[in-house]
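Here is the structure we will look at, set down as structure tokens.
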Protein chains: 2
Amino acid sequence: MSNNGIISFSGGCFIAETATTVGKKERQGPMNGWFDASEEDEYFGQSTFEQAESEMVHRNLQLLFTKANLQEDTVGAVLGGDLVNQCTGTSFGITGHKIPFIGLYGACSTIAEGLLLGASLVSGGLLPSAVALASSHFCTAERQYRFPPEYGNQRPPTAQNTVTGAGAFLLTHEDTGVRVSDGVLGMIVDGGITDANNMGAAMAPAAADTILRYFDHSGRSLADFDAIVTGDLGQEGLELTDELLQKCGLDIAPKHMDCGVLIYDAKKQDMHAGGSGCGCLASVLGGYFYRRLRRGELKRILAIGTGALLSANSALQKLSIPSVAHAVCIENVCNTQ
Amino acid sequence: MSNNGIISFSGGCFIAETATTVGKKERQGPMNGWFDASEEDEYFGQSTFEQAESEMVHRNLQLLFTKANLQEDTVGAVLGGDLVNQCTGTSFGITGHKIPFIGLYGACSTIAEGLLLGASLVSGGLLPSAVALASSHFCTAERQYRFPPEYGNQRPPTAQNTVTGAGAFLLTHEDTGVRVSDGVLGMIVDGGITDANNMGAAMAPAAADTILRYFDHSGRSLADFDAIVTGDLGQEGLELTDELLQKCGLDIAPKHMDCGVLIYDAKKQDMHAGGSGCGCLASVLGGYFYRRLRRGELKRILAIGTGALLSANSALQKLSIPSVAHAVCIENVCNTQ
């Protein structure tokens with residue numbers, strides 16, 4: 001058996017509820033109206049940016065439990081992570097919640113990784129339920145990877161803006177009508193890009209590898225999908241991914257939507273190539289796409305989280321940026337739709 | 001159903017092989033003879049400490065495949081992580097291997113987290129096999145969390161020495177005689193410790209919480225175990241954990257062994273409270289304990305990985321150190337033993 005990475009949730013795993021919380025710039029963008037909550041204050045009432053991100057994670061998890069009318073001590077586990085060093089955005093946000101915690105690091109692929117693992121645990125009968133979550137915050141990411149936000153450095157056109165946002169998904173065995181059906185685990189691909197201001201180009205080869213592997217081995221074809229949704233390739237990465245796939249005979253362009261492109265009005269909001277960060281796919285998938293799937297306006301999507309596995313150190317050491325992309329198929333399985 | 005975190009691998013998951021690679025100081029310690037490979041050069045022939053850690057991860061994974069006589073493209077997935085910012089120790093080490101990759105962050109609990117998730121995927125029938133791995137390197141950790149190694153700062157008696165080491169475990173469905181039977185997922189516990197030079201005290205409450213939960217809900221008692229093996233509490237954390245559990249009526253002291261205490265001769269090697277780091281449990285469990293289980297000298301152990309979820313930033317911001325501990329039961333199930 002070769003490791004094509006396909007993973008199938010034949011035991012059954014469904015999304016029962018989602019919760020999304022974003023910052024001010026995200027609320028001002030075209031996705032406004034699809035998020036559950038937003039916060040004007042970039043500090044979220046805390047004294048540091050890192051604590052702000054943790055507060056957002058905490059609030060968003062609370063919101064999920066409120067929306068789902070659920071006691072947190074019935075949840076099997078929370079699986080999640082973020083971009084902050086040692087993933088303290090998530091761990092400090094979860095502290096105080098009495099729920100088993102599985103920490104993930106997949107950079108901006110984290111929510112897709114969490115959905116695949118959470119669905120594995122639920123579908124395999126190992127846990128009764130699970131929450132997958134991910135977050136990012138513009139100010140924690142910017143000062144960690146690039147410059148202090150106060151410095152106001154110039155950014156090239158390929159640069160993306162880290163989304164301030166969090167998304168959480170409640171996964172259960174119970175048939176809720178929106179199913180996590182299968183997916184494909186990503187392999188690390190290094191296209192040789194060393195420019196930390198061009199994440200789209202760094203992640204495109206991993207996205208293309210994963211999408212190609214999915215359609216080669218899952219038994220599904222592009223025609224089965226209403227949308228191919230990448231997480232945060234941005235405009236540059238979206239075009240490169242489509243180009244790479246076209247060379248392999250797969251034209252996803254007419255169905256390809258990227259959350260990094262969707263979340264901001266790039267020109268009006270001066271967002272260069274678009275949004276990025278773990279919270280980008282987590283909030284847009286949990287808001288816009290989940291709701292449209294729930295309503296039956298979309299029947300089936302393939303959501304691909306793409307993660308650039310660099311650190312500030314690896315960039316300073318002039319190493320190239322290996323990337324990984326995980327894909328998850330989510331579909332509306334209501335007979336009435 | 002309440003979330004006590006117990007997870008049972010009733011579908012079957014076994015350890016087929018392990019591989020361990022350590023540095024010079026670890027080879028000079030009392031565990032020498034139980035590791036597969038060691039390296040005198042702290043740079044592992046590379047030009048930076050971070051690349052050294054990645055080289056160690058890469059070599060150790062190769063070693064696992066060689067020992068198991070396995071083609072890497074048959075492996076379902078690699079699950080793993082380390083302490084380096086954005087887990088580049090692992091991701092750069094895996095780059096070039098064509099295996100699906102699931103990145104984890106659980107600080108020093110990572111190998112226990114990886115074994116629990118890997119066993120879930122294999123036992124639940126989602127993947128045919130999986131590799132769980134974790135690593136740490138003294139020089140990457142020291143300069144990231146505390147001071148540049150060249151600075152030669154003084155360390156208090158409660159300080160631990162980050163182990164330079166890597167451990168990898170191959171998990172399969174096939175009955176190999178050494179079984180991963182069940183375990184318990186950790187919850188985050190914050191005991192209010194803020195001293196980044198006293199990880200043992202920070203992690204002890206999480207270790208105690210997890211061990212107590214395991215014996216309260218797993219259906220197994222302390223008498224069923226030959227050893228309770230913690231990962232890197234060190235001397236301070238070992239004593240504190242035993243004390244906390246004694247107050248709850250559970251006396252694990254006679255069976256409690258800590259890999260951080262075992263890996264160095266603390267006095268002769270001037271190692272203060274002992275070893276720490278993701279590679280500590282990974283290398284000692286994969287070397288000493290796995291081999292003794294394989295030979296039938298140990299029948300059943302409970303291995304507990306304990307992770308202090310701090311970052312250099314959170315320590316500078318004077319926040320307390322939340323911790324998590326995951327436990328996994330490994331047993332020899334050969335009838336002939």
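Residue numbering restarts at 1 for every chain of the structure tokens, chains are lettered A, B, ... in their displayed order, and ligands are numbered from 1 as they appear.
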For B:Ala223, list every protein, DNA or RNA residue within 10 Å, evaluated using only C-alpha atoms, and leave out those in the same chain fewer than 3 positions away; present the list as a VMD selection string. chain B and resid 220 226 to 227 252 255
Please return as a VMD selection string: the residues of stretch 43-291 of chain A that backbone DSSP assigns to strand (DSSP E). chain A and resid 78 to 81 101 to 103 129 to 136 161 to 162 165 to 172 178 to 184 227 to 230 256 to 258 275 to 276
Select, as a PyMOL selection string, those residues of chain A with any atom no more than 6 Å from chain B (distances computed using only C-alpha atoms). chain A and resi 1-3+5+73-76+85-86+95+99-101+103-106+124+185-188+311
Using only C-alpha atoms, which protein or nucleic acid residues come within 9 Å of B:Val284? Drop anything in the same chain fewer than 3 positions from it, and give the result as a ChimeraX atom specification. /B:20,31,34-35,167,231,259-260,262-263,279-281,287-290
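The interatomic distance for the pair atom CA of A:Lys268 and atom CA of A:Phe49 works out to 25.7 Å.
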